[in-house]
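J.: I have a structure here, written as structure tokens, and I will follow up with some questions on it.
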Amino acid sequence: MAVETLGRRVEKEGDLKKHVQSSWIPRSVHPYSWVSLLVCWGIWVINAFDREIILRLGPSITEEFHLSPEQWGNMVALIMLALAVLDIPGSIMSDRYGSGWKRARFQVPIVIGYTVLSFLSGLRALSAQLSHFIAWRVGVNLGAGWGEPVGVSNTAEWWPVENRGFALGVHHTGYPIGALLSGVVASYVLSTFGAENWRYSFFFAIIAVPIMLFWLWYSTPERVDTLYKDIEAKGLTKPELDVGVNVGKGQGMNVFIKTLKNKNVSLTAGNTLLTQIVYMGINVVLTPYLHYVVGFSVAASAGLSIIFTLTGAFGQILWPWLSDYLGRKWTLVVCGLWMSAGIAAFYFATNMSKLVLIQLLFGVVSNAVWPIYYAMASDSAEKAATSTANGIITTAMFIGGGISPVLMGWLIGLGGGWNSPTGYIYTFFAMAACALMGVILQLFTVEKAGIFAKSDESIFVK
């Protein structure tokens with residue numbers, strides 16, 4: 001695979017300082033890259049908000065539908081597993097449709113479609129029954145899961161390879177910000193309109209429609225061509241997925257199988273699955289913990305359960321940027337160890353000050369790993385398979401997201417139910433173990449980016 005690693009570029013130029021400056025200083029990047037990043041970031045904020053809002057509303061939903069911890073976990077699992085259904089086939093379709101400006105246009109109807117479904121799920125007349133509510137949210141997540149790797153690939157394809165970690169890191173700051181907004185909006189809706197009107201929270205996602213209409217107008221072949229010429233003129237590396245390269249008809253499954261055999265992609269996908277159990281787990285657990293065990297109102301619990309997102313955005317810039325230099329593999333190992341220790345530390349959250357401190361420390365890595373996973377997949381993918389590789393990562397992530405609520409609900413029930421602290425302690429240590437197992441998987445990957453990259457090793461299973 002003709003991928004020129006950042007490590008090789010440094011050796012070729014013999015000038016590490018020049019490499020660092022070209023990778024870090026934003027002024028070296030064309031304005032088109034920044035506009036694309038702003039649009040994809042905005043969609044990511046809304047995606048995170050729409051996905052996490054039901055977790056902030058957990059106590060209100062469980063009380064309206066009279067759900068036990070196990071029933072709540074099963075319901076959330078079903079909704080979250082829907083995110084995994086269309087990732088890979090949708091990514092293959094996206095690669096077949098085309099990259100650059102074509103992929104951007106491919107994204108537009110997907111996002112508008114699931115945004116409209118989300119808005120409709122906020123109408124009580126359409127979601128008064130539990131089965132109807134679940135059906136609407138499953139529909140939303142089918143579209144959101146399909147659109148996620150497409151959006152990530154869009155970001156990767158509008159930026160130089162040398163800046164990929166930074167770009168995906170900034171892009172992914174939209175997730176903790178969206179999660180933060182979900183807590184703010186849920187708290188506002190519950191305190192202003194009452195717990196019985198929790199559905200009003202779903203109306204805010206409609207802002208995605210004008211953003212996507214702008215993206216439809218902005219994404220043109222002329223802009224992408226200008227951008228790629230500018231990238232090469234500055235001595236940087238344009239994305240491996242060239243504008244004119246598509247996945248041929250009937251080749252999608254072959255590309256998928258070959259990409260899955262890429263051990264960087266498959267092992268990183270395994271780590272992604274385990275890490276998502278941790279991330280989804282803390283989101284499932286924390287709001288009911290604050291309400292049922294600590295004793296806060298549903299509004300206060302929704303607001304206090306997103307404290308870790310305050311440092312999450314910072315971590316999503318810091319760690320992906322560092323991965324451009326230190327490499328994806330070792331950055332992920334450090335983040336995984338930090339995450340394991342951070343989640344286990346919730347055992348010591350015996351008062352509110354400790355809870356806040358632990359959340360802030362955990363937040364430094366809680367959101368940081370996702371853009372690095374995608375960067376690892378993008379670095380390792382063959383031409384015309386970027387979205388397929390990212391789709392595998394996304395599918396693994398959402399499978400983990402589906403497993404997590406079931407596991408957390410079972411552990412809470414095992415420990416005595418909603419009002420017993422014992423079950424929550426079980427969840428903290430189970431999540432810490434998952435993070436450690438992810439680190440072990442990542443140790444077997446091959447470094448493909450960073451100043452210490454070892455690019456002479458094959459990444460394909462023989």
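Each chain in the structure tokens gets a letter, A, B and so on, in the order shown; residues start at 1 in every chain, and ligands are counted from 1 in the order they appear.
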If you count only C-alpha atoms, which residues fall within 7 Å of region 28-39 of chain A, apart from same-chain ones fewer than 5 positions away, as an NGL selection string?
T.: :A and (22 or 155 or 158-159 or 171 or 211 or 215 or 227)
J.: Which polymer residues have any atom within 7 Å of an atom of region 396-407 of chain A, counting only C-alpha atoms, with same-chain residues fewer than 2 positions away left out, as a ChimeraX atom specification?
T.: /A:70,73-74,76-78,80-81,83-84,269-270,272-274,276-277,280-281,284,392-394,409-411
J.: Please, what distance in Å, to one decimal, runs between CA of Ser301 (chain A) and CA of Leu55 (chain A)?
T.: 10.8 Å
J.: Taking into account only C-alpha atoms, which residue in the set A:Thr388, A:Ala125, A:Ser94, A:Cys434 is nearest to Ile257 (chain A)?
T.: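 Counting only C-alpha atoms, the residue closest to Ile257 (chain A) is A:Thr388.
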J.: Please provide the set of residues having any atom within 8 Å of region 351-357 of chain A, restricted to only C-alpha atoms, with same-chain residues fewer than 5 positions apart removed, written as a list in words.
T.: Ile307, Phe308 and Phe346 of chain A
J.: Restricting the output to C-alpha atoms, write the selected residues as a PDB file, in the first residue's frame.
T.:
ATOM      1  CA  ILE A 307     -19.449  17.752  33.840  1.00  0.00           C
ATOM      2  CA  PHE A 308     -16.822  15.522  32.218  1.00  0.00           C
ATOM      3  CA  PHE A 346     -15.654   6.757  40.529  1.00  0.00           C
TER       4      PHE A 346
END
J.: Among region 200-355 of chain A, which residues carry a DSSP assignment of helix (DSSP H, G or I), reported as a PyMOL selection string?
T.: chain A and resi 200-218+221-233+252-261+263-294+298-304+309-326+328-348+352-355
J.: CA of Thr311 (chain A) and CA of Ala433 (chain A), how far apart in Å?
T.: 22.7 Å
J.: Go through A:Val446, A:Ile88, A:Val161, A:Ala156 one by one, measure the shortest atom-to-atom distance of each to Thr268 (chain A) using only C-alpha atoms, and give the residue with the smallest value.
T.: A:Val446
J.: Just to confirm, what's the straight-line distance from CA of Arg56 (chain A) to CA of Val185 (chain A) in Å (one decimal)?
T.: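 CA of Val185 (chain A) lies at a distance of 9.3 Å from CA of Arg56 (chain A).
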